[in-house]
There are 2 protein chains.
Amino acid sequence: MDDSATETALSKLRTYLAQIEMPLDSRLPPERELAETLGVTRAGLRKALSVLESENQIWRHVGKGTFIGSRPIDTLADVAAITRRTNPAEVMRTRMLLEPEVARMAALNATSAHIAEMHQCMQRTRAAQTWRQYEAWDNRLHRVIAESTQNSLLLALLDTLNAVRRAIVWGRLRVDKVKPAPNHHSFEDHEAIVAAIADRDLNRAAGAMRIHLENVERNLLRARPASEIMAADVRDLVSAAARA
Amino acid sequence: MDDSATETALSKLRTYLAQIEMPLDSRLPPERELAETLGVTRAGLRKALSVLESENQIWRHVGKGTFIGSRPIDTLADVAAITRRTNPAEVMRTRMLLEPEVARMAALNATSAHIAEMHQCMQRTRAAQTWRQYEAWDNRLHRVIAESTQNSLLLALLDTLNAVRRAIVWGRLRVDKVKPAPNHHSFEDHEAIVAAIADRDLNRAAGAMRIHLENVERNLLRARPASEIMAADVRDLVSAAARA
DNA sequence: ATTCTGAACCAATCTTACAATGGTTGATGT
DNA sequence: ACATCAACCATTGTAAGATTGGTTCAGAAT
């Protein structure tokens with residue numbers, strides 16, 4: 001009898017769904033109400049609903065309701081959530097995939113105003129008196145390069161990527177006591193990239209960005225004195241393990 | 001007097017900021033409260049705050065408060081907001097940039113379970129009786145390919161990209177009355193991509209994806225009668241392109 | 001006259017409490 | 001043993017009030 005009962009509830013539900021207009025992703029009535037409408041018990045309705053859910057016809061969520069269509073992917077690019085799931089290797093791999101092409105697009109699409117602001121940012125990073133100021137203008141430089149691609153979608157993706165990158169390296173930055181002296185390596189890399197963009201040299205811009213990323217990765221992998229290891233790398237290991 | 005008054009407020013504010021602990025991105029007291037604490041007028045305090053804001057030392061926002069550090073980028077990848085700012089050309093350019101490399105990574109990192117689910121998804125798209133079901137399993141196929149890269153950060157970026165893509169073509173989809181028949185072009189493209197991934201042929205996977213995207217773009221640019229546009233191009237855009 | 005001051009108001013945001021919803025359990029009856 | 005019904009739970013949505021940076025304006029101070 002349970003089979004037949006479930007069947008009748010299921011058939012009634014299918015009839016109901018075929019009957020009504022369903023603009024896709026619209027919400028069905030609450031279970032309690034729908035059960036009364038179809039003249040079935042709530043338990044029976046829920047069995048029928050679970051069948052349709054397994055068929056990818058509907059999706060349900062507590063507190064939200066029951067919806068037509070397939071369950072939407074968690075599209076909220078919550079940086080905190082991503083940061084908990086990812087690791088420096090993934091960030092580096094993704095940057096290697098994206099950023100050289102971004103530099104190429106920037107060289108093609110950047111306006112003179114963009115390039116002027118890039119130079120201004122680099123100058124201000126050199127003039128920075130604290131790590132906080134340096135980091136602020138460094139971030140701004142990255143953002144201007146991304147903006148100069150003139151692709152708002154790509155810009156949004158890069159914003160997310162950079163936010164994750166900053167969140168991950170943050171643990172090291174905050175314990176880093178050295179304040180005023182930025183390393184010269186990043187400066188030269190940045191200048192090469194911006195110069196290539198200013199020259200509208202697409203391949204050189206992409207190449208400079210790739211070289212920069214390779215340098216960054218090399219620094220990450222380079223062995224260090226024990227004191228620094230304890231001060232930085234071990235902290236990374238611990239925090240990475242905590243995320244996993 | 002105004003200068004000196006602003007100066008005193010500014011100096012008092014700097015002293016205050018240097019005195020307190022500031023864990024970076026922490027919130028300052030409200031302006032009204034801080035003005036009383038420092039013994040300055042709120043207008044004077046606001047002038048001093050605007051100076052510090054121009055120096056990238058703090059950032060403010062209505063309803064939120066005043067915070068230490070540089071203004072954070074709007075990192076919330078709100079799909080609706082992105083959709084309003086972008087357009088199909090940007091989506092295609094970004095997909096061309098990302099997805100061939102994603103296919104390459106998938107060929108390298110996909111597990112046999114991933115590949116099995118890809119085949120299952122393609123089979124279910126063929127067996128789909130409604131466009132809704134077809135679209136659901138088509139989306140799932142895309143997601144499995146992205147998951148098989150084993151890069152959670154890249155996966156999150158692709159989720160955002162795909163959400164934007166679907167949101168953009170959605171308006172056209174809803175007016176498409178044709179329901180059952182998927183076009184064969186997308187099927188062949190998908191099969192080529194999955195076969196290359198299953199063969200662990202990195203270059204062929206990337207190439208198949210690139211060819212697919214080029215087909216999609218060609219269909220988008222091809223002029224047709226309105227009826228055919230609704231019946232065929234929209235399908236190409238949604239299903240075939242999505243499979244790329 | 002000009003500028004500063006204080007208060008009020010505005011729009012955006014946060015906070016909080018309450019209602020709604022899918023998911024679950026257990027008693028009751030058949 | 002199974003269906004039915006009600007109650008409860010955790011999560012989410014909704015609405016109202018409080019908070020906050022931004023703005024305006026009349027009056028005082030210089």
# chains A, B, ... in the order shown; residues from 1 in each chain; ligands from 1

call {"tool": "residues_around", "arguments": {"residues": "DT30 (chain D)", "least_positions_apart": "3", "cutoff": "9 Å", "atoms": "only C-alpha atoms (C1' of nucleotides)", "output": "NGL selection string"}}
result
:C and (2-4)

call {"tool": "write_last_selection", "arguments": {"atoms": "N, CA and C atoms (P, O5', C5', C4', C3', O3' and C1' of nucleotides)", "output": "compact mmCIF listing (two decimals), in the first residue's frame"}}
result
# COMPACT_ATOMS: atom_id res chain seq x y z
P DT C 2 32.65 86.75 2.36
O5' DT C 2 33.37 85.81 3.42
C5' DT C 2 34.53 86.30 4.09
C4' DT C 2 34.88 85.37 5.24
C3' DT C 2 34.63 83.88 4.94
O3' DT C 2 35.85 83.16 5.10
C1' DT C 2 33.73 84.50 7.06
P DT C 3 35.92 81.56 4.80
O5' DT C 3 35.90 80.98 6.28
C5' DT C 3 36.66 81.62 7.29
C4' DT C 3 36.30 81.06 8.66
C3' DT C 3 36.12 79.53 8.69
O3' DT C 3 36.81 79.00 9.80
C1' DT C 3 34.24 80.57 9.63
P DC C 4 37.07 77.39 9.86
O5' DC C 4 36.39 77.02 11.26
C5' DC C 4 36.71 77.80 12.40
C4' DC C 4 35.57 77.71 13.41
C3' DC C 4 35.19 76.29 13.84
O3' DC C 4 35.27 76.19 15.25
C1' DC C 4 33.26 77.54 13.24

call {"tool": "closest_atom_pairs", "arguments": {"of": "chain D", "to": "chain B", "cutoff": "7 Å", "atoms": "only C-alpha atoms (C1' of nucleotides)", "output": "CSV"}}
result
residue,atom,partner,partner_atom,distance
D:DT19,C1',B:Gly63,CA,6.8
D:DT20,C1',B:Gly63,CA,4.3
D:DG21,C1',B:Val62,CA,4.1

call {"tool": "write_last_selection", "arguments": {"atoms": "C-alpha atoms (C1' of nucleotides)", "output": "PDB file, in the first residue's frame"}}
result
ATOM      1  C1'  DT D  19      23.808  52.810  14.338  1.00  0.00           C
ATOM      2  C1'  DT D  20      26.944  55.281  11.339  1.00  0.00           C
ATOM      3  C1'  DG D  21      29.200  58.222   7.902  1.00  0.00           C
TER       4       DG D  21
END

call {"tool": "interface_residues", "arguments": {"of": "chain C", "to": "chain A", "cutoff": "7 Å", "atoms": "only C-alpha atoms (C1' of nucleotides)", "output": "list in words"}}
result
DA20, DT21 and DG22 of chain C

call {"tool": "write_last_selection", "arguments": {"atoms": "C-alpha atoms (C1' of nucleotides)", "output": "short mmCIF file (atom, residue, chain, number, x, y, z; two decimals), in the first residue's frame"}}
result
data_model
loop_
_atom_site.label_atom_id
_atom_site.label_comp_id
_atom_site.auth_asym_id
_atom_site.auth_seq_id
_atom_site.Cartn_x
_atom_site.Cartn_y
_atom_site.Cartn_z
"C1'" DA C 20 8.31 30.78 7.54
"C1'" DT C 21 10.21 26.48 5.70
"C1'" DG C 22 12.28 21.89 4.94
#

call {"tool": "select_by_dssp", "arguments": {"residues": "region 70-213 of chain A", "states": "alpha helix (DSSP H)", "output": "PyMOL selection string"}}
result
chain A and resi 79-85+88-109+112-127+131-147+152-175+184-198+202-213

call {"tool": "interface_residues", "arguments": {"of": "chain A", "to": "chain B", "cutoff": "8 Å", "atoms": "only C-alpha atoms", "output": "compact mmCIF listing (two decimals) with N, CA and C atoms, in the first residue's frame"}}
result
# COMPACT_ATOMS: atom_id res chain seq x y z
N PRO A 23 8.00 29.09 -14.14
CA PRO A 23 9.00 29.96 -14.78
C PRO A 23 10.44 29.59 -14.46
N ASN A 56 16.53 15.46 -10.47
CA ASN A 56 17.06 16.77 -10.80
C ASN A 56 15.96 17.72 -11.32
N GLN A 57 14.72 17.44 -10.94
CA GLN A 57 13.62 18.28 -11.38
C GLN A 57 13.38 19.45 -10.43
N GLY A 69 13.73 23.24 -11.06
CA GLY A 69 15.03 23.26 -11.71
C GLY A 69 16.08 22.52 -10.90
N SER A 70 17.33 22.66 -11.32
CA SER A 70 18.41 21.98 -10.63
C SER A 70 19.01 22.89 -9.57
N ILE A 73 24.48 26.16 -8.06
CA ILE A 73 25.79 26.04 -7.42
C ILE A 73 25.96 27.20 -6.46
N ASP A 74 26.69 26.92 -5.41
CA ASP A 74 26.97 27.98 -4.44
C ASP A 74 27.81 29.03 -5.14
N THR A 75 27.14 29.99 -5.74
CA THR A 75 27.81 30.94 -6.61
C THR A 75 28.39 32.10 -5.84
N LEU A 76 28.10 32.17 -4.58
CA LEU A 76 28.65 33.25 -3.78
C LEU A 76 30.14 33.01 -3.58
N ALA A 77 30.95 33.83 -4.25
CA ALA A 77 32.39 33.65 -4.14
C ALA A 77 32.85 34.24 -2.81
N ASP A 78 32.45 33.60 -1.76
CA ASP A 78 32.83 34.07 -0.44
C ASP A 78 34.32 33.82 -0.24
N VAL A 79 35.06 34.90 -0.15
CA VAL A 79 36.50 34.78 -0.08
C VAL A 79 36.93 33.97 1.14
N ILE A 82 36.44 30.29 0.38
CA ILE A 82 37.44 29.79 -0.55
C ILE A 82 38.79 29.66 0.13
N ARG A 85 39.36 26.52 1.91
CA ARG A 85 39.47 25.28 1.13
C ARG A 85 40.73 25.21 0.28
N THR A 86 41.34 26.35 -0.01
CA THR A 86 42.44 26.34 -0.96
C THR A 86 43.77 26.38 -0.24
N GLU A 90 47.51 26.03 -5.03
CA GLU A 90 46.39 26.30 -5.92
C GLU A 90 46.39 27.76 -6.36
N VAL A 91 46.69 28.64 -5.43
CA VAL A 91 46.71 30.06 -5.79
C VAL A 91 47.77 30.31 -6.86
N THR A 94 46.69 28.94 -10.24
CA THR A 94 45.64 29.74 -10.86
C THR A 94 46.18 31.07 -11.36
N LEU A 97 47.91 30.60 -14.51
CA LEU A 97 46.96 30.38 -15.60
C LEU A 97 46.38 31.70 -16.07
N LEU A 98 46.07 32.58 -15.16
CA LEU A 98 45.31 33.78 -15.50
C LEU A 98 46.18 34.99 -15.83
N GLU A 101 47.91 36.20 -19.20
CA GLU A 101 46.93 36.61 -20.21
C GLU A 101 46.29 37.94 -19.84
N ARG A 132 52.06 48.73 5.80
CA ARG A 132 50.65 48.89 5.50
C ARG A 132 50.44 49.74 4.26
N GLN A 133 51.17 50.86 4.21
CA GLN A 133 51.04 51.71 3.02
C GLN A 133 51.56 50.99 1.78
N ALA A 136 49.01 48.61 0.61
CA ALA A 136 47.84 49.27 0.04
C ALA A 136 48.09 49.67 -1.40
N ASN A 151 37.64 44.48 -19.03
CA ASN A 151 36.71 43.35 -19.00
C ASN A 151 36.18 43.22 -17.57
N SER A 152 34.96 43.65 -17.36
CA SER A 152 34.44 43.72 -15.99
C SER A 152 34.27 42.33 -15.38
N LEU A 153 33.97 41.35 -16.22
CA LEU A 153 33.83 39.99 -15.70
C LEU A 153 35.18 39.46 -15.24
N LEU A 154 36.18 39.60 -16.12
CA LEU A 154 37.52 39.17 -15.75
C LEU A 154 38.00 39.92 -14.52
N ALA A 156 36.21 41.04 -12.06
CA ALA A 156 35.58 40.48 -10.87
C ALA A 156 36.27 39.18 -10.45
N LEU A 157 36.60 38.34 -11.42
CA LEU A 157 37.28 37.08 -11.10
C LEU A 157 38.65 37.37 -10.49
N ASP A 159 39.54 40.05 -8.87
CA ASP A 159 39.34 40.57 -7.52
C ASP A 159 39.23 39.44 -6.52
N THR A 160 38.46 38.45 -6.88
CA THR A 160 38.31 37.30 -5.98
C THR A 160 39.64 36.59 -5.78
N LEU A 161 40.33 36.35 -6.89
CA LEU A 161 41.62 35.67 -6.79
C LEU A 161 42.58 36.45 -5.90
N ALA A 163 41.90 38.67 -3.62
CA ALA A 163 41.45 38.68 -2.22
C ALA A 163 41.88 37.39 -1.53

call {"tool": "atom_distance", "arguments": {"atom1": "CA of Leu220 (chain B)", "atom2": "CA of Asn109 (chain A)"}}
result
23.2 Å

call {"tool": "residues_around", "arguments": {"residues": "region 14-16 of chain D", "least_positions_apart": "6", "cutoff": "12 Å", "atoms": "only C-alpha atoms (C1' of nucleotides)", "output": "list in words"}}
result
Gly63 of chain A; DT15, DT16, DA17, DC18, DA19 and DA20 of chain C

call {"tool": "residues_around", "arguments": {"residues": "region 24-26 of chain C", "least_positions_apart": "4", "cutoff": "9 Å", "atoms": "only C-alpha atoms (C1' of nucleotides)", "output": "number ranges by chain"}}
result
D: 7-9

call {"tool": "atom_distance", "arguments": {"atom1": "CA of Gln120 (chain A)", "atom2": "CA of Leu202 (chain A)"}}
result
21.5 Å

call {"tool": "closest_residue", "arguments": {"among": "A:Arg166, A:Arg204, A:Arg210, A:His114", "to": "Ala146 (chain A)", "atoms": "only C-alpha atoms"}}
result
A:His114

call {"tool": "atom_distance", "arguments": {"atom1": "CA of Ala107 (chain A)", "atom2": "CA of Ser186 (chain A)"}}
result
19.4 Å

call {"tool": "select_by_dssp", "arguments": {"residues": "region 14-70 of chain A", "states": "strand (DSSP E or B)", "output": "CSV table (one decimal) with C-alpha atoms, in the first residue's frame"}}
result
chain,number,residue,atom,x,y,z
A,27,ARG,CA,9.2,28.5,-5.6
A,58,ILE,CA,13.4,20.3,-8.2
A,59,TRP,CA,15.7,21.2,-5.3
A,60,ARG,CA,14.9,22.0,-1.7
A,61,HIS,CA,16.6,23.9,1.1
A,65,GLY,CA,11.6,26.3,0.1
A,66,THR,CA,11.2,24.0,-2.8
A,67,PHE,CA,12.2,25.3,-6.2
A,68,ILE,CA,11.9,24.2,-9.9

call {"tool": "decode", "arguments": {"residues": "region 89-214 of chain A", "atoms": "C-alpha atoms", "output": "PDB file, in the first residue's frame"}}
result
ATOM      1  CA  ALA A  89      49.869  25.894  -4.483  1.00  0.00           C
ATOM      2  CA  GLU A  90      46.392  26.302  -5.921  1.00  0.00           C
ATOM      3  CA  VAL A  91      46.712  30.056  -5.794  1.00  0.00           C
ATOM      4  CA  MET A  92      50.015  29.962  -7.638  1.00  0.00           C
ATOM      5  CA  ARG A  93      48.666  27.567 -10.262  1.00  0.00           C
ATOM      6  CA  THR A  94      45.637  29.740 -10.856  1.00  0.00           C
ATOM      7  CA  ARG A  95      47.682  32.907 -11.040  1.00  0.00           C
ATOM      8  CA  MET A  96      50.009  31.240 -13.566  1.00  0.00           C
ATOM      9  CA  LEU A  97      46.965  30.384 -15.601  1.00  0.00           C
ATOM     10  CA  LEU A  98      45.310  33.777 -15.498  1.00  0.00           C
ATOM     11  CA  GLU A  99      47.680  36.653 -14.956  1.00  0.00           C
ATOM     12  CA  PRO A 100      49.993  36.448 -17.983  1.00  0.00           C
ATOM     13  CA  GLU A 101      46.934  36.614 -20.213  1.00  0.00           C
ATOM     14  CA  VAL A 102      45.613  39.467 -18.107  1.00  0.00           C
ATOM     15  CA  ALA A 103      48.850  41.357 -18.666  1.00  0.00           C
ATOM     16  CA  ARG A 104      48.520  40.699 -22.379  1.00  0.00           C
ATOM     17  CA  MET A 105      44.969  42.065 -22.394  1.00  0.00           C
ATOM     18  CA  ALA A 106      46.107  45.033 -20.336  1.00  0.00           C
ATOM     19  CA  ALA A 107      48.806  45.870 -22.864  1.00  0.00           C
ATOM     20  CA  LEU A 108      46.158  45.833 -25.550  1.00  0.00           C
ATOM     21  CA  ASN A 109      43.406  47.717 -23.758  1.00  0.00           C
ATOM     22  CA  ALA A 110      44.956  49.963 -21.111  1.00  0.00           C
ATOM     23  CA  THR A 111      44.311  53.686 -21.465  1.00  0.00           C
ATOM     24  CA  SER A 112      46.999  56.265 -20.804  1.00  0.00           C
ATOM     25  CA  ALA A 113      45.162  57.135 -17.610  1.00  0.00           C
ATOM     26  CA  HIS A 114      45.530  53.520 -16.503  1.00  0.00           C
ATOM     27  CA  ILE A 115      49.249  53.514 -17.250  1.00  0.00           C
ATOM     28  CA  ALA A 116      49.721  56.807 -15.453  1.00  0.00           C
ATOM     29  CA  GLU A 117      48.059  55.410 -12.367  1.00  0.00           C
ATOM     30  CA  MET A 118      50.250  52.307 -12.539  1.00  0.00           C
ATOM     31  CA  HIS A 119      53.341  54.503 -12.425  1.00  0.00           C
ATOM     32  CA  GLN A 120      51.873  56.518  -9.611  1.00  0.00           C
ATOM     33  CA  CYS A 121      51.199  53.356  -7.630  1.00  0.00           C
ATOM     34  CA  MET A 122      54.749  52.094  -8.105  1.00  0.00           C
ATOM     35  CA  GLN A 123      56.133  55.442  -7.025  1.00  0.00           C
ATOM     36  CA  ARG A 124      54.010  55.406  -3.902  1.00  0.00           C
ATOM     37  CA  THR A 125      55.083  51.886  -3.005  1.00  0.00           C
ATOM     38  CA  ARG A 126      58.669  53.127  -3.150  1.00  0.00           C
ATOM     39  CA  ALA A 127      57.812  56.103  -0.964  1.00  0.00           C
ATOM     40  CA  ALA A 128      55.850  54.028   1.514  1.00  0.00           C
ATOM     41  CA  GLN A 129      57.016  54.405   5.112  1.00  0.00           C
ATOM     42  CA  THR A 130      55.131  51.425   6.517  1.00  0.00           C
ATOM     43  CA  TRP A 131      54.277  47.967   5.307  1.00  0.00           C
ATOM     44  CA  ARG A 132      50.647  48.892   5.503  1.00  0.00           C
ATOM     45  CA  GLN A 133      51.044  51.709   3.022  1.00  0.00           C
ATOM     46  CA  TYR A 134      53.224  49.574   0.765  1.00  0.00           C
ATOM     47  CA  GLU A 135      50.660  46.826   0.723  1.00  0.00           C
ATOM     48  CA  ALA A 136      47.841  49.270   0.045  1.00  0.00           C
ATOM     49  CA  TRP A 137      49.490  50.757  -3.046  1.00  0.00           C
ATOM     50  CA  ASP A 138      50.706  47.362  -4.213  1.00  0.00           C
ATOM     51  CA  ASN A 139      47.137  46.140  -4.117  1.00  0.00           C
ATOM     52  CA  ARG A 140      46.032  49.219  -5.986  1.00  0.00           C
ATOM     53  CA  LEU A 141      48.630  48.566  -8.673  1.00  0.00           C
ATOM     54  CA  HIS A 142      47.342  45.054  -9.164  1.00  0.00           C
ATOM     55  CA  ARG A 143      43.810  46.351  -9.404  1.00  0.00           C
ATOM     56  CA  VAL A 144      44.658  48.990 -12.006  1.00  0.00           C
ATOM     57  CA  ILE A 145      46.284  46.361 -14.212  1.00  0.00           C
ATOM     58  CA  ALA A 146      43.149  44.280 -13.923  1.00  0.00           C
ATOM     59  CA  GLU A 147      40.909  47.265 -14.597  1.00  0.00           C
ATOM     60  CA  SER A 148      42.892  48.129 -17.698  1.00  0.00           C
ATOM     61  CA  THR A 149      41.798  44.902 -19.359  1.00  0.00           C
ATOM     62  CA  GLN A 150      38.431  46.633 -19.786  1.00  0.00           C
ATOM     63  CA  ASN A 151      36.709  43.350 -19.002  1.00  0.00           C
ATOM     64  CA  SER A 152      34.444  43.721 -15.994  1.00  0.00           C
ATOM     65  CA  LEU A 153      33.827  39.988 -15.695  1.00  0.00           C
ATOM     66  CA  LEU A 154      37.520  39.167 -15.747  1.00  0.00           C
ATOM     67  CA  LEU A 155      38.045  41.989 -13.276  1.00  0.00           C
ATOM     68  CA  ALA A 156      35.576  40.479 -10.871  1.00  0.00           C
ATOM     69  CA  LEU A 157      37.276  37.085 -11.096  1.00  0.00           C
ATOM     70  CA  LEU A 158      40.677  38.660 -10.507  1.00  0.00           C
ATOM     71  CA  ASP A 159      39.341  40.572  -7.524  1.00  0.00           C
ATOM     72  CA  THR A 160      38.308  37.304  -5.981  1.00  0.00           C
ATOM     73  CA  LEU A 161      41.622  35.672  -6.795  1.00  0.00           C
ATOM     74  CA  ASN A 162      43.597  38.554  -5.318  1.00  0.00           C
ATOM     75  CA  ALA A 163      41.453  38.683  -2.223  1.00  0.00           C
ATOM     76  CA  VAL A 164      42.169  34.996  -1.641  1.00  0.00           C
ATOM     77  CA  ARG A 165      45.852  35.497  -2.291  1.00  0.00           C
ATOM     78  CA  ARG A 166      46.052  38.322   0.219  1.00  0.00           C
ATOM     79  CA  ALA A 167      44.116  36.389   2.819  1.00  0.00           C
ATOM     80  CA  ILE A 168      46.491  33.466   2.499  1.00  0.00           C
ATOM     81  CA  VAL A 169      49.766  35.359   2.744  1.00  0.00           C
ATOM     82  CA  TRP A 170      48.384  37.575   5.421  1.00  0.00           C
ATOM     83  CA  GLY A 171      49.386  35.318   8.261  1.00  0.00           C
ATOM     84  CA  ARG A 172      53.018  35.787   7.299  1.00  0.00           C
ATOM     85  CA  LEU A 173      52.735  39.474   6.721  1.00  0.00           C
ATOM     86  CA  ARG A 174      51.231  40.235  10.074  1.00  0.00           C
ATOM     87  CA  VAL A 175      54.029  38.561  12.011  1.00  0.00           C
ATOM     88  CA  ASP A 176      56.686  40.037   9.759  1.00  0.00           C
ATOM     89  CA  LYS A 177      58.338  42.646  11.906  1.00  0.00           C
ATOM     90  CA  VAL A 178      60.377  44.245   9.130  1.00  0.00           C
ATOM     91  CA  LYS A 179      58.462  47.340   8.199  1.00  0.00           C
ATOM     92  CA  PRO A 180      60.049  49.878   5.922  1.00  0.00           C
ATOM     93  CA  ALA A 181      62.135  48.036   3.347  1.00  0.00           C
ATOM     94  CA  PRO A 182      60.253  46.391   0.507  1.00  0.00           C
ATOM     95  CA  ASN A 183      62.318  43.890  -1.402  1.00  0.00           C
ATOM     96  CA  HIS A 184      63.803  45.065  -4.629  1.00  0.00           C
ATOM     97  CA  HIS A 185      62.883  41.989  -6.579  1.00  0.00           C
ATOM     98  CA  SER A 186      59.174  42.801  -6.730  1.00  0.00           C
ATOM     99  CA  PHE A 187      59.965  46.368  -7.711  1.00  0.00           C
ATOM    100  CA  GLU A 188      61.921  45.342 -10.778  1.00  0.00           C
ATOM    101  CA  ASP A 189      59.278  42.809 -11.776  1.00  0.00           C
ATOM    102  CA  HIS A 190      56.512  45.353 -11.503  1.00  0.00           C
ATOM    103  CA  GLU A 191      58.433  47.910 -13.506  1.00  0.00           C
ATOM    104  CA  ALA A 192      59.078  45.420 -16.282  1.00  0.00           C
ATOM    105  CA  ILE A 193      55.405  44.545 -16.459  1.00  0.00           C
ATOM    106  CA  VAL A 194      54.185  48.123 -16.503  1.00  0.00           C
ATOM    107  CA  ALA A 195      56.838  49.121 -19.028  1.00  0.00           C
ATOM    108  CA  ALA A 196      55.726  46.345 -21.368  1.00  0.00           C
ATOM    109  CA  ILE A 197      52.109  47.420 -20.991  1.00  0.00           C
ATOM    110  CA  ALA A 198      53.052  51.032 -21.675  1.00  0.00           C
ATOM    111  CA  ASP A 199      54.937  49.915 -24.798  1.00  0.00           C
ATOM    112  CA  ARG A 200      51.876  47.959 -25.960  1.00  0.00           C
ATOM    113  CA  ASP A 201      54.123  44.911 -26.193  1.00  0.00           C
ATOM    114  CA  LEU A 202      51.652  42.112 -25.593  1.00  0.00           C
ATOM    115  CA  ASN A 203      54.073  39.211 -25.527  1.00  0.00           C
ATOM    116  CA  ARG A 204      56.579  41.031 -23.361  1.00  0.00           C
ATOM    117  CA  ALA A 205      53.838  41.959 -20.895  1.00  0.00           C
ATOM    118  CA  ALA A 206      52.714  38.354 -20.632  1.00  0.00           C
ATOM    119  CA  GLY A 207      56.293  37.161 -20.382  1.00  0.00           C
ATOM    120  CA  ALA A 208      57.199  39.669 -17.693  1.00  0.00           C
ATOM    121  CA  MET A 209      54.186  38.615 -15.684  1.00  0.00           C
ATOM    122  CA  ARG A 210      55.118  34.944 -16.066  1.00  0.00           C
ATOM    123  CA  ILE A 211      58.688  35.636 -14.962  1.00  0.00           C
ATOM    124  CA  HIS A 212      57.405  37.558 -11.980  1.00  0.00           C
ATOM    125  CA  LEU A 213      55.165  34.699 -10.942  1.00  0.00           C
ATOM    126  CA  GLU A 214      57.988  32.227 -11.358  1.00  0.00           C
TER     127      GLU A 214
END
